[in-house]
>>> print(open('entry.csv').read())   # CSV, C-alpha atoms
chain,number,residue,atom,x,y,z
N,1,ASP,CA,60.3,18.9,-215.3
N,2,ALA,CA,58.3,17.8,-218.4
N,3,GLN,CA,57.4,21.4,-219.4
N,4,THR,CA,61.0,22.5,-219.3
N,5,ALA,CA,62.1,19.4,-221.3
N,6,ALA,CA,59.4,20.1,-223.9
N,7,VAL,CA,60.5,23.7,-224.3
N,8,LEU,CA,64.2,22.7,-224.5
N,9,GLU,CA,63.4,20.0,-227.1
N,10,SER,CA,61.5,22.5,-229.3
N,11,MET,CA,64.3,25.1,-229.1
N,12,GLY,CA,67.1,22.6,-229.6
N,13,THR,CA,70.6,23.0,-228.2
N,14,GLU,CA,71.8,25.6,-230.7
N,15,GLY,CA,68.5,27.6,-230.3
N,16,LEU,CA,68.9,27.6,-226.5
N,17,ARG,CA,72.6,28.7,-226.7
N,18,SER,CA,71.7,31.4,-229.2
N,19,THR,CA,69.0,32.7,-226.9
N,20,LEU,CA,71.3,32.7,-223.8
N,21,VAL,CA,74.1,34.5,-225.8
N,22,SER,CA,71.7,37.1,-227.2
N,23,ILE,CA,70.3,37.9,-223.7
N,24,LEU,CA,73.7,38.2,-222.1
N,25,GLU,CA,75.2,40.2,-225.1
N,26,SER,CA,72.4,42.8,-224.8
N,27,LEU,CA,73.4,43.5,-221.2
N,28,TYR,CA,77.0,43.9,-222.3
N,29,GLU,CA,75.8,46.3,-224.9
N,30,ASP,CA,73.8,48.2,-222.2
N,31,ARG,CA,76.9,48.1,-219.9
N,32,ILE,CA,74.6,46.7,-217.1
N,33,LYS,CA,76.5,44.2,-215.0
N,34,PRO,CA,74.6,40.9,-215.6
N,35,MET,CA,73.6,40.0,-212.1
N,36,ALA,CA,70.9,37.3,-212.1
N,37,ASN,CA,68.0,39.8,-211.5
N,38,TYR,CA,68.9,41.8,-214.6
N,39,VAL,CA,69.4,38.6,-216.7
N,40,LYS,CA,66.0,37.4,-215.5
N,41,GLY,CA,64.4,40.7,-216.3
N,42,ARG,CA,65.9,40.8,-219.8
N,43,LEU,CA,64.6,37.2,-220.5
N,44,LYS,CA,61.1,38.4,-219.5
N,45,GLU,CA,61.4,41.5,-221.7
N,46,ARG,CA,62.3,39.3,-224.7
N,47,SER,CA,59.2,37.0,-224.0
N,48,THR,CA,61.4,34.0,-223.3
N,49,PRO,CA,59.4,30.8,-222.4
N,50,GLU,CA,58.6,30.7,-218.7
N,51,PRO,CA,60.4,27.4,-218.0
N,52,ILE,CA,63.6,28.9,-219.4
N,53,VAL,CA,63.1,32.0,-217.1
N,54,LYS,CA,62.6,29.8,-214.1
N,55,SER,CA,65.8,27.7,-214.5
N,56,PHE,CA,68.1,30.2,-216.4
N,57,VAL,CA,71.0,30.1,-213.9
N,58,GLU,CA,71.2,26.3,-214.2
N,59,LEU,CA,70.9,26.5,-218.0
N,60,TYR,CA,73.8,29.1,-218.2
N,61,SER,CA,75.8,26.8,-215.9
N,62,GLN,CA,75.3,23.9,-218.4
N,63,HIS,CA,77.4,25.7,-221.1
N,64,PRO,CA,80.8,26.4,-219.4
N,65,ASP,CA,82.4,26.8,-222.8
N,66,LEU,CA,80.4,30.1,-223.3
N,67,PHE,CA,79.5,31.3,-219.8
N,68,ILE,CA,80.9,31.8,-216.3
N,69,VAL,CA,78.3,31.7,-213.6
N,70,GLN,CA,79.9,33.5,-210.6
N,71,GLN,CA,78.2,32.8,-207.3
N,72,PRO,CA,78.3,35.6,-204.7
N,73,ALA,CA,81.2,35.6,-202.3
N,74,GLN,CA,80.5,34.7,-198.7
N,75,GLY,CA,79.5,37.7,-196.7
N,76,SER,CA,78.8,39.8,-199.9
N,77,GLN,CA,75.9,42.2,-199.9
N,78,THR,CA,74.1,40.3,-202.7
N,79,ASP,CA,72.8,36.7,-202.8
N,80,GLU,CA,72.5,36.5,-206.5
N,81,ALA,CA,74.8,35.0,-209.1
N,82,THR,CA,76.4,37.1,-211.9
N,83,ILE,CA,76.8,35.6,-215.4
N,84,PHE,CA,79.7,36.5,-217.7
N,85,PHE,CA,81.0,35.5,-221.1
N,86,VAL,CA,84.1,33.3,-221.0
N,87,LYS,CA,85.5,35.5,-223.8
N,88,GLU,CA,84.6,39.2,-223.3
N,89,PRO,CA,83.4,40.8,-226.6
N,90,ASP,CA,86.0,43.0,-228.3
N,91,TRP,CA,83.6,45.9,-228.4
N,92,PHE,CA,82.7,45.9,-224.7
N,93,LYS,CA,83.3,49.3,-223.0
N,94,GLY,CA,83.1,48.2,-219.4
N,95,TRP,CA,80.4,48.1,-216.7
N,96,ILE,CA,78.7,51.2,-215.4
N,97,ASP,CA,78.6,51.5,-211.6
N,98,ILE,CA,75.0,52.7,-211.4
N,99,ASP,CA,75.4,53.5,-207.7
N,100,SER,CA,78.5,55.7,-208.1
N,101,ALA,CA,78.3,59.3,-206.9
N,102,ASP,CA,80.6,60.4,-209.7
N,103,ASP,CA,78.9,62.5,-212.3
N,104,PRO,CA,80.7,62.4,-215.7
N,105,TYR,CA,77.8,63.7,-217.8
N,106,PRO,CA,77.9,67.1,-219.5
N,107,GLU,CA,75.9,69.9,-217.9
N,108,ALA,CA,74.2,70.5,-221.2
N,109,THR,CA,72.8,66.9,-221.0
N,110,TRP,CA,71.5,67.6,-217.5
N,111,GLU,CA,69.8,70.8,-218.6
N,112,GLU,CA,68.1,69.0,-221.5
N,113,LEU,CA,66.9,66.3,-219.1
N,114,ALA,CA,65.6,69.0,-216.7
N,115,LYS,CA,63.7,70.6,-219.6
N,116,PHE,CA,62.2,67.2,-220.6
N,117,LEU,CA,61.1,66.6,-217.0
N,118,ASP,CA,59.3,69.9,-216.8
N,119,GLY,CA,56.0,68.2,-217.5
N,120,GLU,CA,53.5,65.6,-216.2
N,121,HIS,CA,55.8,62.6,-216.4
N,122,THR,CA,55.6,59.5,-214.2
N,123,PHE,CA,57.8,56.4,-214.4
N,124,ALA,CA,57.1,52.9,-213.1
N,125,GLY,CA,59.7,50.2,-212.5
N,126,GLY,CA,62.2,52.1,-210.4
N,127,ARG,CA,65.4,53.6,-211.9
N,128,TYR,CA,65.8,50.8,-214.5
N,129,GLY,CA,62.1,51.2,-215.6
N,130,MET,CA,62.6,55.0,-215.9
N,131,ALA,CA,65.8,54.6,-217.8
N,132,ARG,CA,64.3,52.1,-220.2
N,133,GLU,CA,61.4,54.4,-220.9
N,134,LEU,CA,63.7,57.4,-221.5
N,135,MET,CA,65.7,55.2,-224.0
N,136,GLN,CA,62.5,54.1,-225.8
N,137,ARG,CA,61.6,57.8,-226.4
N,138,ASN,CA,64.7,58.3,-228.5
N,139,LEU,CA,65.6,61.6,-226.8
N,140,PRO,CA,68.4,63.2,-228.8
N,141,PHE,CA,70.4,64.3,-225.8
N,142,LEU,CA,70.6,60.7,-224.6
N,143,SER,CA,71.4,59.2,-228.0
N,144,SER,CA,75.1,58.7,-227.3
N,145,LEU,CA,74.5,56.9,-223.9
N,146,SER,CA,74.0,53.3,-223.1
N,147,LEU,CA,71.1,52.1,-221.0
N,148,GLY,CA,73.5,51.5,-218.1
N,149,GLU,CA,74.6,55.2,-218.3
N,150,VAL,CA,71.0,56.4,-218.4
N,151,CYS,CA,70.3,54.2,-215.3
N,152,HIS,CA,73.2,55.9,-213.6
N,153,MET,CA,71.9,59.4,-214.6
N,154,VAL,CA,68.5,58.4,-213.1
N,155,GLN,CA,70.2,57.4,-209.8
N,156,LEU,CA,72.1,60.7,-209.8
N,157,ALA,CA,68.9,62.6,-210.6
N,158,ILE,CA,67.3,61.1,-207.5
N,159,GLN,CA,70.2,61.2,-205.0
N,160,HIS,CA,72.3,64.2,-206.0
N,161,ARG,CA,70.5,66.4,-208.6
N,162,ARG,CA,67.1,66.2,-206.9
N,163,LEU,CA,65.3,66.3,-210.2
N,164,ILE,CA,63.1,63.3,-209.5
N,165,VAL,CA,61.7,61.7,-206.4
N,166,TYR,CA,59.9,58.5,-205.4
N,167,HIS,CA,56.2,59.4,-204.8
N,168,ARG,CA,53.6,56.7,-204.3
N,169,LYS,CA,55.8,54.0,-205.7
N,170,MET,CA,56.5,55.9,-208.9
N,171,LEU,CA,59.4,58.1,-210.0
N,172,LYS,CA,58.2,61.6,-210.7
N,173,PRO,CA,59.8,65.0,-211.5
N,174,ILE,CA,60.2,66.8,-208.2
N,175,GLN,CA,58.3,69.8,-209.6
N,176,THR,CA,55.3,67.6,-210.3
N,177,VAL,CA,55.2,66.5,-206.7
N,178,LEU,CA,55.7,70.0,-205.4
N,179,CYS,CA,52.8,71.2,-207.6
N,180,GLN,CA,50.6,68.8,-205.7
N,181,GLN,CA,51.5,70.5,-202.4
N,182,PRO,CA,50.1,73.8,-201.4
N,183,PRO,CA,52.5,76.4,-202.8
N,184,LEU,CA,54.1,79.1,-200.8
N,185,SER,CA,52.3,82.4,-201.1
N,186,PRO,CA,53.5,84.4,-204.1
N,187,ALA,CA,55.3,87.7,-203.5
N,188,ASN,CA,52.2,89.8,-203.7
N,189,GLY,CA,50.5,87.7,-201.0
N,190,ASN,CA,47.2,87.1,-202.8
N,191,GLY,CA,47.4,83.4,-202.9
N,192,GLY,CA,46.9,81.5,-206.2
N,193,ALA,CA,45.5,84.5,-208.1
N,194,ALA,CA,49.0,85.3,-209.3
N,195,GLU,CA,49.7,81.8,-210.5
N,196,GLY,CA,51.9,81.9,-213.7
N,197,GLU,CA,52.2,85.7,-213.5
N,198,GLU,CA,55.4,86.7,-215.4
N,199,ILE,CA,58.2,88.5,-213.6
N,200,LYS,CA,57.9,91.9,-215.2
N,201,ASP,CA,61.0,93.9,-214.2
N,202,MET,CA,64.3,93.9,-212.3
N,203,ASP,CA,62.8,95.0,-209.0
N,204,ASP,CA,60.2,92.2,-209.2
N,205,LEU,CA,62.9,89.7,-210.1
N,206,CYS,CA,65.1,90.8,-207.2
N,207,LEU,CA,62.2,90.4,-204.8
N,208,VAL,CA,61.4,86.9,-206.1
N,209,LEU,CA,65.1,85.9,-205.9
N,210,PHE,CA,65.4,87.2,-202.3
N,211,ARG,CA,62.3,85.2,-201.3
N,212,MET,CA,63.6,82.1,-203.0
N,213,LEU,CA,67.0,82.4,-201.2
N,214,ILE,CA,65.2,82.5,-197.8
N,215,HIS,CA,64.2,78.9,-198.5
N,216,HIS,CA,67.4,78.0,-200.3
N,217,PRO,CA,70.2,79.7,-198.3
N,218,GLN,CA,72.8,77.4,-199.9
N,219,GLY,CA,72.0,79.0,-203.3
N,220,ILE,CA,69.8,78.5,-206.3
N,221,ARG,CA,71.0,76.2,-209.1
N,222,LEU,CA,70.8,78.3,-212.3
N,223,CYS,CA,69.6,75.3,-214.5
N,224,ARG,CA,66.7,74.7,-212.0
N,225,MET,CA,65.8,78.4,-211.3
N,226,LYS,CA,62.9,78.7,-213.7
N,227,GLN,CA,61.2,75.5,-212.5
N,228,MET,CA,61.8,76.3,-208.8
N,229,ILE,CA,60.3,79.8,-209.2
N,230,LYS,CA,57.4,78.4,-211.1
N,231,HIS,CA,56.6,75.7,-208.5
N,232,GLU,CA,57.5,77.4,-205.3
N,233,LEU,CA,56.2,81.0,-206.0
N,234,CYS,CA,53.9,80.4,-208.9
N,235,ARG,CA,55.7,82.9,-211.0
N,236,LYS,CA,57.1,82.7,-214.5
N,237,LEU,CA,60.7,83.8,-215.3
N,238,SER,CA,61.5,84.5,-219.0
N,239,GLU,CA,64.9,85.9,-220.1
N,240,MET,CA,63.1,87.3,-223.1
N,241,ALA,CA,61.3,89.8,-220.8
N,242,PHE,CA,64.8,91.3,-220.2
N,243,GLN,CA,65.8,91.2,-223.9
N,244,CYS,CA,68.2,88.3,-223.3
N,245,THR,CA,68.4,84.9,-225.1
N,246,LYS,CA,70.0,83.0,-222.2
N,247,LEU,CA,69.2,83.2,-218.5
N,248,ILE,CA,72.8,83.6,-217.5
N,249,GLU,CA,72.9,86.9,-219.6
N,250,VAL,CA,70.2,88.4,-217.3
N,251,PHE,CA,72.6,88.2,-214.4
N,252,LYS,CA,75.1,90.4,-216.2
N,253,LEU,CA,72.6,93.2,-216.1
N,254,GLU,CA,72.3,95.7,-213.3
N,255,PRO,CA,71.2,95.7,-210.5
N,256,LEU,CA,71.6,91.9,-210.6
N,257,ALA,CA,75.3,91.9,-211.4
N,258,SER,CA,76.1,94.0,-208.3
N,259,THR,CA,73.6,92.1,-206.1
N,260,PHE,CA,74.2,88.5,-206.8
N,261,ASP,CA,77.1,86.2,-207.5
N,262,LEU,CA,77.0,83.3,-210.0
N,263,GLU,CA,79.4,80.8,-208.6
N,264,ASN,CA,80.5,77.8,-210.7
N,265,ASP,CA,80.7,74.8,-208.3
N,266,GLY,CA,82.6,72.6,-210.7
N,267,LYS,CA,79.8,71.7,-213.0
N,268,VAL,CA,76.8,73.9,-212.2
N,269,PHE,CA,76.2,77.6,-211.5
N,270,PHE,CA,74.7,78.6,-208.2
N,271,LEU,CA,73.1,82.0,-207.6
N,272,ARG,CA,74.1,83.5,-204.2
N,273,PRO,CA,73.6,87.0,-202.8
N,274,LYS,CA,76.6,89.3,-202.4
N,275,ASP,CA,77.3,91.0,-199.0
N,276,SER,CA,74.2,93.1,-198.3
N,277,SER,CA,76.4,96.1,-197.4
N,278,ARG,CA,77.2,96.4,-201.1
N,279,PHE,CA,73.6,96.6,-202.2
N,280,SER,CA,72.3,99.8,-203.9
N,281,ASP,CA,69.8,101.8,-201.9
N,282,ASP,CA,67.0,100.6,-204.1
N,283,VAL,CA,67.9,97.0,-203.8
N,284,ARG,CA,68.3,97.3,-200.0
N,285,LYS,CA,64.7,98.5,-199.9
N,286,ILE,CA,63.6,95.4,-201.8
N,287,TRP,CA,65.7,93.2,-199.6
N,288,ALA,CA,64.1,94.6,-196.5
N,289,GLU,CA,60.6,93.8,-197.7
>>> encode(input="entry.csv", output="structure tokens")
Amino acid sequence: DAQTAAVLESMGTEGLRSTLVSILESLYEDRIKPMANYVKGRLKERSTPEPIVKSFVELYSQHPDLFIVQQPAQGSQTDEATIFFVKEPDWFKGWIDIDSADDPYPEATWEELAKFLDGEHTFAGGRYGMARELMQRNLPFLSSLSLGEVCHMVQLAIQHRRLIVYHRKMLKPIQTVLCQQPPLSPANGNGGAAEGEEIKDMDDLCLVLFRMLIHHPQGIRLCRMKQMIKHELCRKLSEMAFQCTKLIEVFKLEPLASTFDLENDGKVFFLRPKDSSRFSDDVRKIWAE
């Protein structure tokens, strides 16, 4: 139409080709497979003129020396085209499968993400929107990752790690959502009065852990333990209260060491109770409460 023609004339052929290359190159850098929806989103992010956004697939098709526009195969799950460079950039590291269940990311990175999410964060725009916002915050523990990898982490955090959930069309840390629900009664049974009360000694910690394990019989993930205790029992666990600098060190102390097992399930530690017949008399009394 006339509006598109006017925009194309003002940009010129080289200007248009440069814009199309820049948009596609950015998705290669992010390792996000350039399906039409992602290309369109990136055009909008870069404030590309609306007539270009509306006809971008056709415009990419008009430059076959630079781009391949691959239409979806018959019977495929998607109805959108994918746009590739004719010549793949030398520096390209490959596409990230954002829906893959494989988790190649270091446990330290997950622990840092869990710490970051222990606050009042909400994210719009689905997994891509959340990943983009995380990247914009320049978080040191994500600095070596591409946007595609962070998108994949967000997907894993939703489906497998259970760190975040969809709530009212927004992505939120699961503890934020749990906090909005009525908490389970704390160990002393006096409702919210004990909110935030620090776990003071080993007997108290054993009681809290036994109560948590009632609701999590599969075990408690060590890297999530503090947040889970805080948001399910309104109690605060600090390793410093037990003269330790790391939480894992607390479980090397008695009576915890003879009461609970820390089992490494590949990438994460889970806390699970030992056979109750091996409990000390004092621990057995706590367990019976």
>>> residues_around(input="entry.csv", residues="N:Glu149", least_positions_apart="3", cutoff="10 Å", atoms="all atoms listed in the file", output="list in words")
Asp30, Arg31, Ile32, Trp95, Ile96, Asp97, Ile98, Pro104, Tyr105, Ala131, Leu142, Ser144, Leu145, Ser146, His152, Met153, Val154 and Gln155 of chain N
>>> write_last_selection(input="entry.csv", atoms="C-alpha atoms", output="short mmCIF file (atom, residue, chain, number, x, y, z; two decimals), in the frame of the given file")
data_model
loop_
_atom_site.label_atom_id
_atom_site.label_comp_id
_atom_site.auth_asym_id
_atom_site.auth_seq_id
_atom_site.Cartn_x
_atom_site.Cartn_y
_atom_site.Cartn_z
CA ASP N 30 73.80 48.20 -222.20
CA ARG N 31 76.90 48.10 -219.90
CA ILE N 32 74.60 46.70 -217.10
CA TRP N 95 80.40 48.10 -216.70
CA ILE N 96 78.70 51.20 -215.40
CA ASP N 97 78.60 51.50 -211.60
CA ILE N 98 75.00 52.70 -211.40
CA PRO N 104 80.70 62.40 -215.70
CA TYR N 105 77.80 63.70 -217.80
CA ALA N 131 65.80 54.60 -217.80
CA LEU N 142 70.60 60.70 -224.60
CA SER N 144 75.10 58.70 -227.30
CA LEU N 145 74.50 56.90 -223.90
CA SER N 146 74.00 53.30 -223.10
CA HIS N 152 73.20 55.90 -213.60
CA MET N 153 71.90 59.40 -214.60
CA VAL N 154 68.50 58.40 -213.10
CA GLN N 155 70.20 57.40 -209.80
#
>>> residues_near_point(input="entry.csv", point="(75.8, 40.2, -210.8)", cutoff="9 Å", atoms="only C-alpha atoms", output="list in words")
Lys33, Pro34, Met35, Ala36, Asn37, Tyr38, Val39, Gln70, Gln71, Pro72, Thr78, Glu80, Ala81, Thr82, Ile83 and Phe84 of chain N
>>> closest_atom_pairs(input="entry.csv", of="stretch 103-124 of chain N", to="stretch 212-225 of chain N", cutoff="9 Å", atoms="all atoms listed in the file", output="CSV")
residue,atom,partner,partner_atom,distance
N:Glu107,CA,N:Cys223,CA,9.0
N:Trp110,CA,N:Cys223,CA,8.5
N:Glu111,CA,N:Cys223,CA,6.1
N:Ala114,CA,N:Arg224,CA,7.5
>>> write_last_selection(input="entry.csv", atoms="C-alpha atoms", output="short mmCIF file (atom, residue, chain, number, x, y, z; two decimals), in the coordinates of the input")
data_model
loop_
_atom_site.label_atom_id
_atom_site.label_comp_id
_atom_site.auth_asym_id
_atom_site.auth_seq_id
_atom_site.Cartn_x
_atom_site.Cartn_y
_atom_site.Cartn_z
CA GLU N 107 75.90 69.90 -217.90
CA TRP N 110 71.50 67.60 -217.50
CA GLU N 111 69.80 70.80 -218.60
CA ALA N 114 65.60 69.00 -216.70
#
>>> closest_residue(input="entry.csv", among="N:Asp99, N:Asp265, N:Asp79, N:Asp118", to="N:Ile164", atoms="all atoms listed in the file")
N:Asp118
>>> closest_residue(input="entry.csv", among="N:Thr176, N:Ser258, N:Ser277, N:Ser18", to="N:His63", atoms="all atoms listed in the file")
N:Ser18
>>> residues_around(input="entry.csv", residues="N:Phe123", least_positions_apart="2", cutoff="7 Å", atoms="only C-alpha atoms", output="PyMOL selection string")
chain N and resi 121+125+129-130+170-172
>>> atom_distance(input="entry.csv", atom1="atom CA of N:Phe141", atom2="atom CA of N:Thr109")
6.0 Å
>>> atom_distance(input="entry.csv", atom1="atom CA of N:Thr122", atom2="atom CA of N:Met135")
14.7 Å
>>> atom_distance(input="entry.csv", atom1="atom CA of N:Leu209", atom2="atom CA of N:Leu156")
26.4 Å
>>> residues_around(input="entry.csv", residues="N:Leu16", least_positions_apart="6", cutoff="12 Å", atoms="all atoms listed in the file", output="list in words")
Thr4, Ala5, Val7, Leu8, Glu9, Ser10, Ser22, Ile23, Thr48, Pro49, Ile52, Val53, Phe56, Leu59, Tyr60, Gln62 and His63 of chain N
>>> residues_around(input="entry.csv", residues="N:Glu198", least_positions_apart="3", cutoff="12 Å", atoms="all atoms listed in the file", output="list in words")
Pro186, Ala187, Ala194, Glu195, Asp201, Met202, Asp204, Leu205, Val208, Lys226, Ile229, Lys230, Leu233, Cys234, Arg235, Lys236, Leu237, Ser238, Glu239, Met240, Ala241 and Phe242 of chain N
>>> closest_residue(input="entry.csv", among="N:Phe67, N:Gly148, N:Phe260, N:Gly266", to="N:Gly94", atoms="all atoms listed in the file")
N:Gly148
>>> residues_around(input="entry.csv", residues="N:Arg278", least_positions_apart="5", cutoff="12 Å", atoms="only C-alpha atoms", output="PyMOL selection string")
chain N and resi 255-260+273+283-284
>>> decode(input="entry.csv", residues="stretch 211-231 of chain N", atoms="N, CA, C and O atoms", output="short mmCIF file (atom, residue, chain, number, x, y, z; two decimals), in the first residue's frame")
data_model
loop_
_atom_site.label_atom_id
_atom_site.label_comp_id
_atom_site.auth_asym_id
_atom_site.auth_seq_id
_atom_site.Cartn_x
_atom_site.Cartn_y
_atom_site.Cartn_z
N ARG N 211 7.72 -31.45 60.53
CA ARG N 211 6.43 -30.90 60.07
C ARG N 211 6.47 -30.61 58.56
O ARG N 211 5.48 -30.82 57.86
N MET N 212 7.60 -30.12 58.07
CA MET N 212 7.72 -29.86 56.64
C MET N 212 7.64 -31.17 55.85
O MET N 212 7.01 -31.23 54.78
N LEU N 213 8.28 -32.22 56.37
CA LEU N 213 8.31 -33.49 55.65
C LEU N 213 6.94 -34.17 55.57
O LEU N 213 6.70 -34.99 54.69
N ILE N 214 6.05 -33.83 56.48
CA ILE N 214 4.67 -34.33 56.38
C ILE N 214 4.05 -33.87 55.06
O ILE N 214 3.35 -34.62 54.39
N HIS N 215 4.34 -32.62 54.69
CA HIS N 215 3.77 -32.03 53.48
C HIS N 215 4.64 -32.28 52.25
O HIS N 215 4.19 -32.06 51.12
N HIS N 216 5.90 -32.70 52.47
CA HIS N 216 6.81 -32.95 51.35
C HIS N 216 7.48 -34.31 51.55
O HIS N 216 8.70 -34.38 51.78
N PRO N 217 6.69 -35.40 51.49
CA PRO N 217 7.26 -36.73 51.80
C PRO N 217 8.35 -37.15 50.82
O PRO N 217 9.14 -38.04 51.13
N GLN N 218 8.39 -36.52 49.63
CA GLN N 218 9.44 -36.86 48.66
C GLN N 218 10.78 -36.28 49.05
O GLN N 218 11.81 -36.60 48.45
N GLY N 219 10.80 -35.40 50.05
CA GLY N 219 12.03 -34.76 50.50
C GLY N 219 11.99 -33.25 50.30
O GLY N 219 11.13 -32.73 49.58
N ILE N 220 12.90 -32.56 50.95
CA ILE N 220 12.97 -31.09 50.87
C ILE N 220 14.27 -30.72 50.16
O ILE N 220 15.35 -31.13 50.58
N ARG N 221 14.16 -29.95 49.11
CA ARG N 221 15.34 -29.52 48.36
C ARG N 221 16.15 -28.54 49.22
O ARG N 221 15.62 -27.54 49.69
N LEU N 222 17.41 -28.82 49.42
CA LEU N 222 18.23 -28.01 50.32
C LEU N 222 18.27 -26.54 49.88
O LEU N 222 18.17 -25.65 50.72
N CYS N 223 18.39 -26.30 48.56
CA CYS N 223 18.52 -24.92 48.09
C CYS N 223 17.22 -24.13 48.24
O CYS N 223 17.22 -22.91 48.10
N ARG N 224 16.09 -24.82 48.53
CA ARG N 224 14.80 -24.14 48.70
C ARG N 224 14.32 -24.18 50.15
O ARG N 224 13.29 -23.62 50.48
N MET N 225 15.09 -24.83 51.01
CA MET N 225 14.61 -25.10 52.36
C MET N 225 14.23 -23.84 53.13
O MET N 225 13.16 -23.76 53.76
N LYS N 226 15.12 -22.84 53.11
CA LYS N 226 14.85 -21.61 53.88
C LYS N 226 13.55 -20.96 53.43
O LYS N 226 12.72 -20.55 54.26
N GLN N 227 13.39 -20.84 52.09
CA GLN N 227 12.19 -20.17 51.58
C GLN N 227 10.93 -20.97 51.92
O GLN N 227 9.89 -20.40 52.26
N MET N 228 11.03 -22.30 51.83
CA MET N 228 9.86 -23.14 52.12
C MET N 228 9.46 -23.03 53.59
O MET N 228 8.27 -22.93 53.90
N ILE N 229 10.44 -23.05 54.48
CA ILE N 229 10.14 -22.92 55.91
C ILE N 229 9.53 -21.55 56.20
O ILE N 229 8.56 -21.42 56.95
N LYS N 230 10.09 -20.54 55.56
CA LYS N 230 9.60 -19.17 55.77
C LYS N 230 8.15 -19.02 55.34
O LYS N 230 7.33 -18.44 56.05
N HIS N 231 7.82 -19.58 54.17
CA HIS N 231 6.50 -19.33 53.60
C HIS N 231 5.45 -20.38 53.95
O HIS N 231 4.27 -20.10 53.81
#
